[in-house]
Amino acid sequence: MALAPSTVEGPLNGTLVVDLTRVLAGPYCTMVLADLGARVIKVEVPGRGDDARQIGPWLNNRSAYFMSLNRGKESIALDLKSQIDRGTFERLLEEADVLIENYRPGTMERLGYSWERLHDTYPRLVYAAVSGFGQTGPYSPRPAYDMVVQGMGGIVSLTGHPESPPTRVGTSVGDITAGLFASIGICAALKEREQTGAGRMVDVGMLDCQVAILENAIARYVATGDVPSPLGARHPTITPFDSFATADGHIIIAAGNDGLFQRLCEAIGRTDLLEDDKFISNPERTTHVADLKIELESTLHGQETQHWLSILEAAGVPCGPINNVAEVVRDPHVLARNMIVEVEDTDGFRVAGNPIKFSGLSDPRQRGAVPDLDSGRGDILRELGLET
């Protein structure tokens, strides 16, 4: 007896994901897979479940943190040290396309589910392991949280203003990037399986992912020998590319080439800057970035942000306001793109939507319910042909 596919449209419809993950990195990955059409069965610890169920804030005695990451999944509580529950788990693996976990390396081996055993028993299974430092290397056994890998991966050293204390990025990019890279690895392994018939192990370390998103910081260091440091909002090598003070706040301006700089100067009535040798090209503007900011802000201070947004948008200069979260969730473009969606059975609880849009597929404004612990047990066992 086979488990039915998800009712969600998407290119991964018909894919079954058995999810042993908890808190953020792994659940974020499986949320992405669920949004792409996979059926996700979340295997949780009996009695306690995912640790995120105990993390606030709270909405009607339920964790909003947990709800934001686990919509559209099913839950079954299994004790993987119990022979009966191990039997149920292994029946799930017989049906599964993907198994994902974010335990510390060695945990699955101690449970008797090493990659070698899994691949031998379930050769088509794609097995993804998300951990702090990956399955190999000297740091592999260490525990990790988002803040740890942000610090070790260099991104904290680039964040904030000069001389400011160490500053964490405002969202959990250590976890989220690991979840995203894991989802990419899983999709690639599923694609390969179409040709080979065999699954692979996908090994994703959070620290690796932080190194991967350092972008041009590594290239700048290697090319120049200078160690990049915090620069506030500005770009290290493109100018003007920063936040600028206006009469009532700040505006983001990203004039990424000489043509856009000319448009900017013409739009704000500062064509004199185009004649200044200090600002004649991007390298010169970057060398004299502080002088240019003083000149631009001396003009921008004269009007409110919305005034400048209207002028710069009309001139085709990339720009934008600095929105707080309340403004983001009300933004007409964000809403038009269906990036704020409601979750079933939650009295209107809203979360971020799926940024991947597909032609010919619906992008529903309401997403699947958040499972209570073990709430899917009866249906899952019946589909597996096991006693309930």
# chains A, B, ... in the order shown; residues from 1 in each chain; ligands from 1
$ select_by_dssp --residues "region 109-311 of chain A" --states "strand (DSSP E)" --output "ChimeraX atom specification"
/A:126-131,201-205,241-245,250-254
$ select_by_dssp --residues "region 205-379 of chain A" --states "alpha helix (DSSP H)" --output "VMD selection string"
chain A and resid 206 to 212 216 to 224 258 to 267 282 to 287 289 to 300 305 to 315 325 to 328 332 to 336 377 to 379
$ write_last_selection --atoms "C-alpha atoms" --output "mmCIF file, in the first residue's frame"
data_model
loop_
_atom_site.group_PDB
_atom_site.id
_atom_site.type_symbol
_atom_site.label_atom_id
_atom_site.label_comp_id
_atom_site.auth_asym_id
_atom_site.auth_seq_id
_atom_site.Cartn_x
_atom_site.Cartn_y
_atom_site.Cartn_z
ATOM 1 C CA MET A 206 25.838 25.485 8.174
ATOM 2 C CA LEU A 207 29.360 26.902 8.346
ATOM 3 C CA ASP A 208 30.014 25.887 4.730
ATOM 4 C CA CYS A 209 26.902 27.802 3.700
ATOM 5 C CA GLN A 210 28.070 30.948 5.480
ATOM 6 C CA VAL A 211 31.373 30.777 3.632
ATOM 7 C CA ALA A 212 29.472 30.266 0.366
ATOM 8 C CA ASN A 216 32.947 39.066 -3.078
ATOM 9 C CA ALA A 217 34.493 39.437 0.388
ATOM 10 C CA ILE A 218 36.802 36.471 -0.215
ATOM 11 C CA ALA A 219 37.693 37.734 -3.683
ATOM 12 C CA ARG A 220 38.494 41.201 -2.284
ATOM 13 C CA TYR A 221 40.731 39.720 0.393
ATOM 14 C CA VAL A 222 42.569 37.431 -2.011
ATOM 15 C CA ALA A 223 42.988 40.176 -4.616
ATOM 16 C CA THR A 224 44.118 42.942 -2.268
ATOM 17 C CA ASP A 258 28.214 55.766 -14.507
ATOM 18 C CA GLY A 259 24.989 56.090 -16.458
ATOM 19 C CA LEU A 260 22.861 55.691 -13.368
ATOM 20 C CA PHE A 261 25.036 58.164 -11.491
ATOM 21 C CA GLN A 262 24.398 60.700 -14.228
ATOM 22 C CA ARG A 263 20.640 60.089 -13.986
ATOM 23 C CA LEU A 264 20.805 60.477 -10.214
ATOM 24 C CA CYS A 265 22.641 63.799 -10.393
ATOM 25 C CA GLU A 266 20.278 65.146 -13.048
ATOM 26 C CA ALA A 267 17.184 64.036 -11.112
ATOM 27 C CA ASN A 282 33.065 54.488 -10.065
ATOM 28 C CA PRO A 283 36.629 53.868 -8.807
ATOM 29 C CA GLU A 284 37.003 57.606 -8.087
ATOM 30 C CA ARG A 285 33.588 57.769 -6.400
ATOM 31 C CA THR A 286 34.501 54.782 -4.232
ATOM 32 C CA THR A 287 37.804 56.376 -3.251
ATOM 33 C CA VAL A 289 32.809 57.853 -0.917
ATOM 34 C CA ALA A 290 32.606 60.005 2.226
ATOM 35 C CA ASP A 291 32.825 63.256 0.240
ATOM 36 C CA LEU A 292 30.136 62.090 -2.171
ATOM 37 C CA LYS A 293 27.797 61.123 0.647
ATOM 38 C CA ILE A 294 28.141 64.595 2.182
ATOM 39 C CA GLU A 295 27.308 66.205 -1.160
ATOM 40 C CA LEU A 296 24.297 63.997 -1.858
ATOM 41 C CA GLU A 297 22.862 64.296 1.645
ATOM 42 C CA SER A 298 23.217 68.066 1.580
ATOM 43 C CA THR A 299 20.607 67.994 -1.179
ATOM 44 C CA LEU A 300 18.515 65.018 -0.016
ATOM 45 C CA THR A 305 11.821 60.429 1.422
ATOM 46 C CA GLN A 306 8.634 60.051 -0.630
ATOM 47 C CA HIS A 307 9.479 63.147 -2.675
ATOM 48 C CA TRP A 308 12.855 61.682 -3.649
ATOM 49 C CA LEU A 309 11.421 58.230 -4.303
ATOM 50 C CA SER A 310 8.991 59.682 -6.826
ATOM 51 C CA ILE A 311 11.706 61.667 -8.597
ATOM 52 C CA LEU A 312 14.265 58.883 -8.687
ATOM 53 C CA GLU A 313 11.783 56.213 -9.752
ATOM 54 C CA ALA A 314 10.695 58.450 -12.644
ATOM 55 C CA ALA A 315 14.340 58.855 -13.630
ATOM 56 C CA VAL A 325 8.232 44.557 9.013
ATOM 57 C CA ALA A 326 4.777 46.093 9.469
ATOM 58 C CA GLU A 327 5.301 48.056 6.252
ATOM 59 C CA VAL A 328 6.574 44.964 4.419
ATOM 60 C CA PRO A 332 1.122 46.466 -2.288
ATOM 61 C CA HIS A 333 3.756 44.761 -4.424
ATOM 62 C CA VAL A 334 4.508 42.154 -1.739
ATOM 63 C CA LEU A 335 0.772 41.458 -1.505
ATOM 64 C CA ALA A 336 0.359 41.388 -5.294
ATOM 65 C CA ARG A 377 -0.754 9.149 13.033
ATOM 66 C CA GLY A 378 -4.082 7.546 12.207
ATOM 67 C CA ASP A 379 -4.140 8.476 8.531
#
$ residues_around --residues "region 185-202 of chain A" --least-positions-apart "6" --cutoff "6 Å" --atoms "only C-alpha atoms" --output "ChimeraX atom specification"
/A:123-128
$ write_last_selection --atoms "C-alpha atoms" --output "CSV table (one decimal), in the first residue's frame"
chain,number,residue,atom,x,y,z
A,123,PRO,CA,18.8,2.3,-2.7
A,124,ARG,CA,16.5,5.0,-4.3
A,125,LEU,CA,16.4,7.0,-1.1
A,126,VAL,CA,17.9,10.5,-1.2
A,127,TYR,CA,19.3,11.2,2.3
A,128,ALA,CA,20.0,14.7,3.4
$ closest_atom_pairs --of "region 239-357 of chain A" --to "region 15-31 of chain A" --cutoff "12 Å" --atoms "only C-alpha atoms" --output "tab-separated table"
residue	atom	partner	partner_atom	distance
A:Val351	CA	A:Met31	CA	11.9
A:Ala352	CA	A:Met31	CA	11.1
A:Gly353	CA	A:Met31	CA	10.4
A:Asn354	CA	A:Met31	CA	9.4
$ residues_around --residues "His250 (chain A)" --least-positions-apart "5" --cutoff "8 Å" --atoms "only C-alpha atoms" --output "ChimeraX atom specification"
/A:243-245,305,321-322
$ closest_residue --among "A:Gln135, A:Asn60, A:Ser68, A:Thr171" --to "Gly205 (chain A)" --atoms "only C-alpha atoms"
A:Gln135
$ residues_around --residues "Asp175 (chain A)" --least-positions-apart "2" --cutoff "8 Å" --atoms "only C-alpha atoms" --output "PyMOL selection string"
chain A and resi 24-25+145-146+172-173+177-179+206
$ closest_residue --among "A:Met147, A:Ala4, A:Ile252, A:Met152" --to "Leu214 (chain A)" --atoms "only C-alpha atoms"
A:Met152
$ closest_residue --among "A:Leu59, A:Leu386, A:Gly132, A:Val370" --to "Lys42 (chain A)" --atoms "only C-alpha atoms"
A:Val370
$ closest_residue --among "A:Leu231, A:Ala96, A:Ser359, A:Glu116" --to "Val156 (chain A)" --atoms "only C-alpha atoms"
A:Leu231
$ residues_around --residues "Thr167 (chain A)" --least-positions-apart "6" --cutoff "10 Å" --atoms "only C-alpha atoms" --output "count of residues only"
11
$ closest_residue --among "A:Ala255, A:Ile55, A:Asn61, A:Gly368" --to "Ser6 (chain A)" --atoms "only C-alpha atoms"
A:Gly368
$ residues_around --residues "Asp372 (chain A)" --least-positions-apart "5" --cutoff "12 Å" --atoms "only C-alpha atoms" --output "PyMOL selection string"
chain A and resi 42-44+46-50+53+61-63+66-67+70-77+345-346+377
$ write_last_selection --atoms "C-alpha atoms" --output "mmCIF file, in the first residue's frame"
data_model
loop_
_atom_site.group_PDB
_atom_site.id
_atom_site.type_symbol
_atom_site.label_atom_id
_atom_site.label_comp_id
_atom_site.auth_asym_id
_atom_site.auth_seq_id
_atom_site.Cartn_x
_atom_site.Cartn_y
_atom_site.Cartn_z
ATOM 1 C CA LYS A 42 7.366 15.154 10.107
ATOM 2 C CA VAL A 43 8.638 12.480 12.514
ATOM 3 C CA GLU A 44 8.764 13.941 16.022
ATOM 4 C CA PRO A 46 6.813 11.487 21.427
ATOM 5 C CA GLY A 47 5.469 13.784 24.113
ATOM 6 C CA ARG A 48 7.642 16.786 23.230
ATOM 7 C CA GLY A 49 7.946 17.025 19.482
ATOM 8 C CA ASP A 50 10.075 19.553 17.662
ATOM 9 C CA ARG A 53 6.961 23.923 19.648
ATOM 10 C CA ASN A 61 -1.315 28.635 23.044
ATOM 11 C CA ARG A 62 0.555 27.547 19.920
ATOM 12 C CA SER A 63 4.080 28.566 18.964
ATOM 13 C CA PHE A 66 6.770 26.617 14.923
ATOM 14 C CA MET A 67 3.686 27.551 12.902
ATOM 15 C CA ASN A 70 5.737 23.806 9.557
ATOM 16 C CA ARG A 71 2.588 24.694 7.662
ATOM 17 C CA GLY A 72 1.348 22.092 5.240
ATOM 18 C CA LYS A 73 3.178 19.178 6.879
ATOM 19 C CA GLU A 74 1.914 16.113 8.761
ATOM 20 C CA SER A 75 3.129 14.906 12.152
ATOM 21 C CA ILE A 76 3.669 11.449 13.549
ATOM 22 C CA ALA A 77 5.437 10.831 16.870
ATOM 23 C CA ASP A 345 -7.132 26.584 10.880
ATOM 24 C CA THR A 346 -5.222 29.417 12.575
ATOM 25 C CA ARG A 377 -0.754 9.149 13.033
#
$ closest_residue --among "A:Gly37, A:Pro143, A:Gly249, A:Gly174" --to "Gly320 (chain A)" --atoms "only C-alpha atoms"
A:Gly249
$ atom_distance --atom1 "CA of Glu101 (chain A)" --atom2 "CA of Phe358 (chain A)"
27.9 Å
